[in-house]
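**Q** What follows is start.cif, mmCIF, C-alpha atoms.
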data_structure
loop_
_atom_site.label_atom_id
_atom_site.label_comp_id
_atom_site.auth_asym_id
_atom_site.auth_seq_id
_atom_site.Cartn_x
_atom_site.Cartn_y
_atom_site.Cartn_z
CA MET A 488 -4.73 36.64 25.48
CA LYS A 489 -4.76 35.89 29.20
CA PRO A 490 -6.40 32.60 30.17
CA ILE A 491 -9.12 32.53 32.81
CA LEU A 492 -8.51 30.41 35.90
CA TYR A 493 -11.81 29.40 37.56
CA LEU A 494 -11.65 28.15 41.13
CA ARG A 495 -14.53 26.70 43.13
CA THR A 496 -14.45 25.32 46.62
CA SER A 497 -17.43 23.58 48.20
CA THR A 498 -17.04 24.25 51.90
CA LYS A 499 -15.80 26.96 54.23
CA ASP A 500 -13.02 24.62 55.32
CA GLN A 501 -11.58 24.33 51.81
CA ASN A 502 -8.97 26.84 50.74
CA PRO A 503 -8.79 27.70 47.03
CA GLU A 504 -5.12 28.66 47.34
CA LEU A 505 -3.94 25.14 46.40
CA GLN A 506 -6.06 25.25 43.24
CA LYS A 507 -4.87 28.78 42.54
CA LYS A 508 -1.16 28.07 43.00
CA GLU A 509 -1.18 24.93 40.86
CA GLY A 510 -3.55 26.54 38.33
CA ILE A 511 -1.19 29.48 37.80
CA GLU A 512 1.80 27.11 37.53
CA PHE A 513 -0.14 25.03 34.97
CA CYS A 514 -0.96 28.12 32.87
CA VAL A 515 2.66 29.23 32.84
CA ARG A 516 3.97 25.70 32.11
CA MET A 517 1.52 25.31 29.20
CA GLY A 518 2.65 28.64 27.74
CA LEU A 519 -0.74 30.26 28.29
CA GLY A 520 0.63 33.10 30.42
CA GLU A 521 -0.44 34.48 33.77
CA PRO A 522 -4.20 33.90 34.20
CA GLU A 523 -6.95 36.18 35.38
CA VAL A 524 -8.36 34.40 38.45
CA PHE A 525 -12.05 34.07 39.37
CA SER A 526 -13.14 32.24 42.51
CA GLU A 527 -16.48 31.01 43.78
CA LYS A 528 -17.49 29.28 47.01
CA GLY A 529 -20.36 26.87 47.35
CA SER A 530 -21.61 23.41 46.58
CA ALA A 531 -22.01 22.60 42.89
CA TYR A 532 -25.57 21.48 43.61
CA LYS A 533 -26.50 24.66 45.44
CA LEU A 534 -24.82 26.78 42.77
CA GLU A 535 -26.08 24.65 39.86
CA LYS A 536 -28.92 26.97 38.85
CA VAL A 537 -27.20 30.27 39.61
CA ARG A 538 -23.42 30.54 39.47
CA PRO A 539 -22.72 34.18 38.70
CA ILE A 540 -18.94 33.86 38.68
CA TRP A 541 -18.95 30.78 36.41
CA GLU A 542 -21.50 32.35 34.08
CA GLY A 543 -19.33 35.48 33.86
CA VAL A 544 -16.24 33.37 33.10
CA VAL A 545 -18.03 31.56 30.26
CA LYS A 546 -19.39 34.81 28.83
CA LEU A 547 -15.95 36.44 28.95
CA ALA A 548 -14.27 33.40 27.36
CA LYS A 549 -16.76 33.36 24.49
CA LYS A 550 -16.61 37.12 23.91
CA GLU A 551 -12.83 37.46 24.05
CA LYS A 552 -11.87 33.96 22.79
CA ARG A 553 -10.03 33.23 26.04
CA ASP A 554 -9.15 29.78 27.30
CA ILE A 555 -10.55 28.55 30.62
CA VAL A 556 -8.55 26.58 33.17
CA VAL A 557 -10.21 24.62 35.99
CA TRP A 558 -8.65 22.47 38.71
CA LYS A 559 -10.80 19.48 37.74
CA TYR A 560 -13.69 19.37 35.34
CA ASP A 561 -16.02 18.52 38.22
CA ARG A 562 -15.31 21.99 39.67
CA ALA A 563 -17.47 23.36 36.85
CA PHE A 564 -19.72 20.39 36.01
CA ARG A 565 -21.66 17.70 37.81
CA ASN A 566 -23.74 16.60 34.86
CA LYS A 567 -22.26 14.52 32.04
CA VAL A 568 -24.72 15.73 29.39
CA GLY A 569 -24.16 19.39 30.25
CA PHE A 570 -20.41 18.85 30.31
CA TYR A 571 -20.41 17.18 26.89
CA LYS A 572 -22.50 19.92 25.28
CA PHE A 573 -20.44 22.66 26.89
CA MET A 574 -17.12 21.19 25.78
CA LYS A 575 -18.31 20.63 22.21
CA VAL A 576 -19.62 24.20 21.92
CA MET A 577 -16.61 25.87 23.54
CA PHE A 578 -14.03 23.97 21.47
CA GLU A 579 -15.87 23.57 18.17
CA VAL A 580 -17.98 26.74 17.98
CA TYR A 581 -15.98 29.30 19.94
CA GLY A 582 -12.50 27.82 19.49
CA THR A 583 -11.97 28.16 23.22
CA LYS A 584 -10.02 25.49 25.06
CA VAL A 585 -11.09 24.34 28.49
CA TYR A 586 -8.11 22.94 30.37
CA SER A 587 -8.06 20.89 33.53
CA VAL A 588 -4.97 21.11 35.70
CA THR A 589 -5.39 17.47 36.75
CA GLU A 590 -7.08 15.88 33.68
CA PRO A 591 -5.11 16.63 30.48
CA SER A 592 -6.37 13.90 28.12
CA ILE A 593 -9.18 15.87 26.44
CA LEU A 594 -6.78 18.41 25.00
CA SER A 595 -4.49 15.72 23.64
CA PHE A 596 -7.15 14.64 21.17
CA TRP A 597 -8.22 18.21 20.41
CA GLU A 598 -4.64 19.06 19.43
CA MET A 599 -4.62 16.12 16.97
CA LEU A 600 -7.68 17.38 15.09
CA GLY A 601 -6.92 19.18 11.87
CA LYS A 602 -3.35 17.91 11.62
CA SER A 603 -2.02 16.32 8.48
CA TYR A 604 -0.94 12.70 8.89
CA SER A 605 -0.23 11.79 5.30
CA GLU A 606 0.16 13.27 1.85
CA ASP A 607 -3.00 11.36 0.91
CA PRO A 608 -6.07 13.57 1.59
CA ILE A 609 -8.31 10.51 1.97
CA MET A 610 -6.04 9.13 4.68
CA ASN A 611 -6.06 12.51 6.44
CA GLU A 612 -9.85 12.60 6.34
CA LEU A 613 -10.02 9.06 7.70
CA MET A 614 -7.57 9.85 10.51
CA GLY A 615 -9.47 13.04 11.31
CA GLY A 616 -12.71 11.07 11.59
CA ILE A 617 -11.13 8.50 13.89
CA ILE A 618 -9.63 11.20 16.10
CA ARG A 619 -12.99 13.01 16.26
CA ILE A 620 -14.61 9.77 17.49
CA PHE A 621 -11.95 9.51 20.21
CA TRP A 622 -12.43 13.22 21.01
CA ASP A 623 -16.16 12.66 21.58
CA PHE A 624 -15.46 9.52 23.63
CA VAL A 625 -12.93 11.26 25.89
CA ILE A 626 -15.32 14.17 26.54
CA LYS A 627 -18.07 11.71 27.45
CA GLN A 628 -15.71 9.80 29.76
CA ALA A 629 -14.62 12.99 31.54
CA GLY A 630 -18.28 13.92 32.01
CA GLU A 631 -18.99 10.47 33.43
CA GLN A 632 -16.08 10.87 35.86
CA ALA A 633 -17.29 14.29 37.00
CA GLU A 634 -20.81 12.96 37.58
CA GLU A 635 -19.49 9.88 39.42
CA GLU A 636 -17.24 12.03 41.60
CA SER A 637 -20.27 14.14 42.43
CA ARG A 638 -22.25 11.05 43.48
CA LYS A 639 -19.39 9.86 45.68
CA LYS A 640 -19.04 13.25 47.35
CA SER A 641 -22.79 13.37 48.00
CA GLN A 642 -22.65 9.93 49.61
CA ARG A 643 -19.73 10.96 51.82
CA VAL A 644 -21.56 14.11 52.92
CA ARG A 645 -24.74 12.14 53.74
CA LEU A 646 -22.68 9.65 55.76
CA GLU A 647 -20.99 12.44 57.72
CA ILE A 648 -24.32 14.15 58.40
CA GLY A 649 -25.75 10.81 59.55
CA ARG A 650 -22.79 10.25 61.88
CA ALA A 651 -23.12 13.74 63.32
CA HIS A 652 -26.75 13.04 64.29
CA VAL A 653 -25.96 9.71 65.96
#
Would you write out, as structure tokens, the structure that this file holds?
**A**
Amino acid sequence: MKPILYLRTSTKDQNPELQKKEGIEFCVRMGLGEPEVFSEKGSAYKLEKVRPIWEGVVKLAKKEKRDIVVWKYDRAFRNKVGFYKFMKVMFEVYGTKVYSVTEPSILSFWEMLGKSYSEDPIMNELMGGIIRIFWDFVIKQAGEQAEEESRKKSQRVRLEIGRAHV
């Protein structure tokens, strides 16, 4: 099934073509195939309550069990709690992977879940529990990074606006 590549740019000056080109290359390199591309323009804060393209991508991914690819997780999320809940639901409930072209670590742990590490079932259960703890930790860390990146971008924008008025 074709993956979904979601692109979001914040300003009129940004061109989503870089995200698109590298996103398509990522999908092909990962063996996911040529993606269906959806693009949205606007600040994550302004789009936070209503993001019709993103909402459509999520709905389609859930319905058709399609993987989602984003440039960076902060393209879709600015809130660590929302990110954590979303990732847990998409992976664990819908079996849908959410890839980041630039942040691959989350999937590394997801791929380890459910694997057999020993002939001893108790050891496998123990290893699975440890990996699940790391899985949760990595999701939380990625959410923290997205939220921190959002704060930094907001500060830079406020500084630029302040300079423009001086």
**Q** Fewer than 5 positions away in the same chain doesn't count, so skip those; otherwise give me all residues within 12 Å of Glu523 of chain A, counting all atoms listed in the file, as a PDB file with C-alpha atoms, keeping the file's coordinate frame.
**A**
ATOM      1  CA  MET A 488      -4.730  36.640  25.480  1.00  0.00           C
ATOM      2  CA  LYS A 489      -4.760  35.890  29.200  1.00  0.00           C
ATOM      3  CA  PRO A 490      -6.400  32.600  30.170  1.00  0.00           C
ATOM      4  CA  ILE A 491      -9.120  32.530  32.810  1.00  0.00           C
ATOM      5  CA  LEU A 492      -8.510  30.410  35.900  1.00  0.00           C
ATOM      6  CA  TYR A 493     -11.810  29.400  37.560  1.00  0.00           C
ATOM      7  CA  LEU A 494     -11.650  28.150  41.130  1.00  0.00           C
ATOM      8  CA  LYS A 507      -4.870  28.780  42.540  1.00  0.00           C
ATOM      9  CA  GLY A 510      -3.550  26.540  38.330  1.00  0.00           C
ATOM     10  CA  ILE A 511      -1.190  29.480  37.800  1.00  0.00           C
ATOM     11  CA  CYS A 514      -0.960  28.120  32.870  1.00  0.00           C
ATOM     12  CA  VAL A 544     -16.240  33.370  33.100  1.00  0.00           C
ATOM     13  CA  LEU A 547     -15.950  36.440  28.950  1.00  0.00           C
ATOM     14  CA  ALA A 548     -14.270  33.400  27.360  1.00  0.00           C
ATOM     15  CA  ARG A 553     -10.030  33.230  26.040  1.00  0.00           C
ATOM     16  CA  ASP A 554      -9.150  29.780  27.300  1.00  0.00           C
ATOM     17  CA  ILE A 555     -10.550  28.550  30.620  1.00  0.00           C
ATOM     18  CA  VAL A 556      -8.550  26.580  33.170  1.00  0.00           C
TER      19      VAL A 556
END
**Q** Using all atoms listed in the file, find the one residue out of A:Asn611, A:Arg638, A:Val568, A:Thr583 that sits nearest to Ile626 of chain A.
**A**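 Among the listed residues, the smallest separation from Ile626 of chain A belongs to A:Val568.
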**Q** One decimal, in Å: what's the spacing between atom CA of Ser587 of chain A and atom CA of Tyr560 of chain A?
**A**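 Atom CA of Tyr560 of chain A lies 6.1 Å from atom CA of Ser587 of chain A.
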**Q** Neighbours of Gly616 of chain A within 12 Å (only C-alpha atoms; same-chain residues fewer than 3 positions away dropped), as a list in words?
**A**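 Everything that qualifies: Phe596, Met599, Leu600, Gly601, Lys602, Ile609, Met610, Asn611, Glu612, Leu613, Arg619, Ile620, Phe621, Trp622 and Asp623 of chain A.
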**Q** Suppose a student applies the PyMOL selection byres ((chain A and resi 528) around 12) to this structure; what residues should they get, written as number ranges by chain?
**A** A: 493-503, 525-527, 529-534, 538-541, 562-563
**Q** Go through A:Pro591, A:Gly630, A:Gly543, A:Pro608 and flag the residue nearest Asp561 of chain A, using all atoms listed in the file for the distances.
**A**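 Smallest distance to Asp561 of chain A is found for A:Gly630.
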**Q** For the atom pair atom CA of Leu505 of chain A and atom CA of Val588 of chain A, what is the interatomic distance in Å to one decimal place?
**A**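 These atoms are spaced 11.5 Å apart.
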**Q** Which one of A:Lys552, A:Lys559, A:Lys575, A:Lys546 sits closest to Val625 of chain A if you count only C-alpha atoms?
**A**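 The shortest atom-to-atom distance to Val625 of chain A comes from A:Lys575.
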**Q** Interatomic distance between atom CA of Val557 of chain A and atom CA of Tyr586 of chain A?
**A**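 Separation between atom CA of Val557 of chain A and atom CA of Tyr586 of chain A: 6.2 Å.
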**Q** Counting only C-alpha atoms, which residue out of A:Ala629, A:Gln506, A:Gly518, A:Lys549 sits closest to Val580 of chain A?
**A** A:Lys549
**Q** Counting only C-alpha atoms, which residue out of A:Met517, A:Glu542, A:Tyr571, A:Lys550 sits closest to Ile593 of chain A?
**A**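 Selected residue with least distance to Ile593 of chain A: A:Tyr571.
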**Q** Would you compute an axis-aligned box for segment 621-633 of chain A, covering every atom listed for it in the file with 5 Å of margin on each side, and report centre and edge lengths in Å to one decimal as JSON?
**A**
{"center_x": -15.5, "center_y": 11.9, "center_z": 28.6, "size_x": 17.0, "size_y": 14.8, "size_z": 26.8}
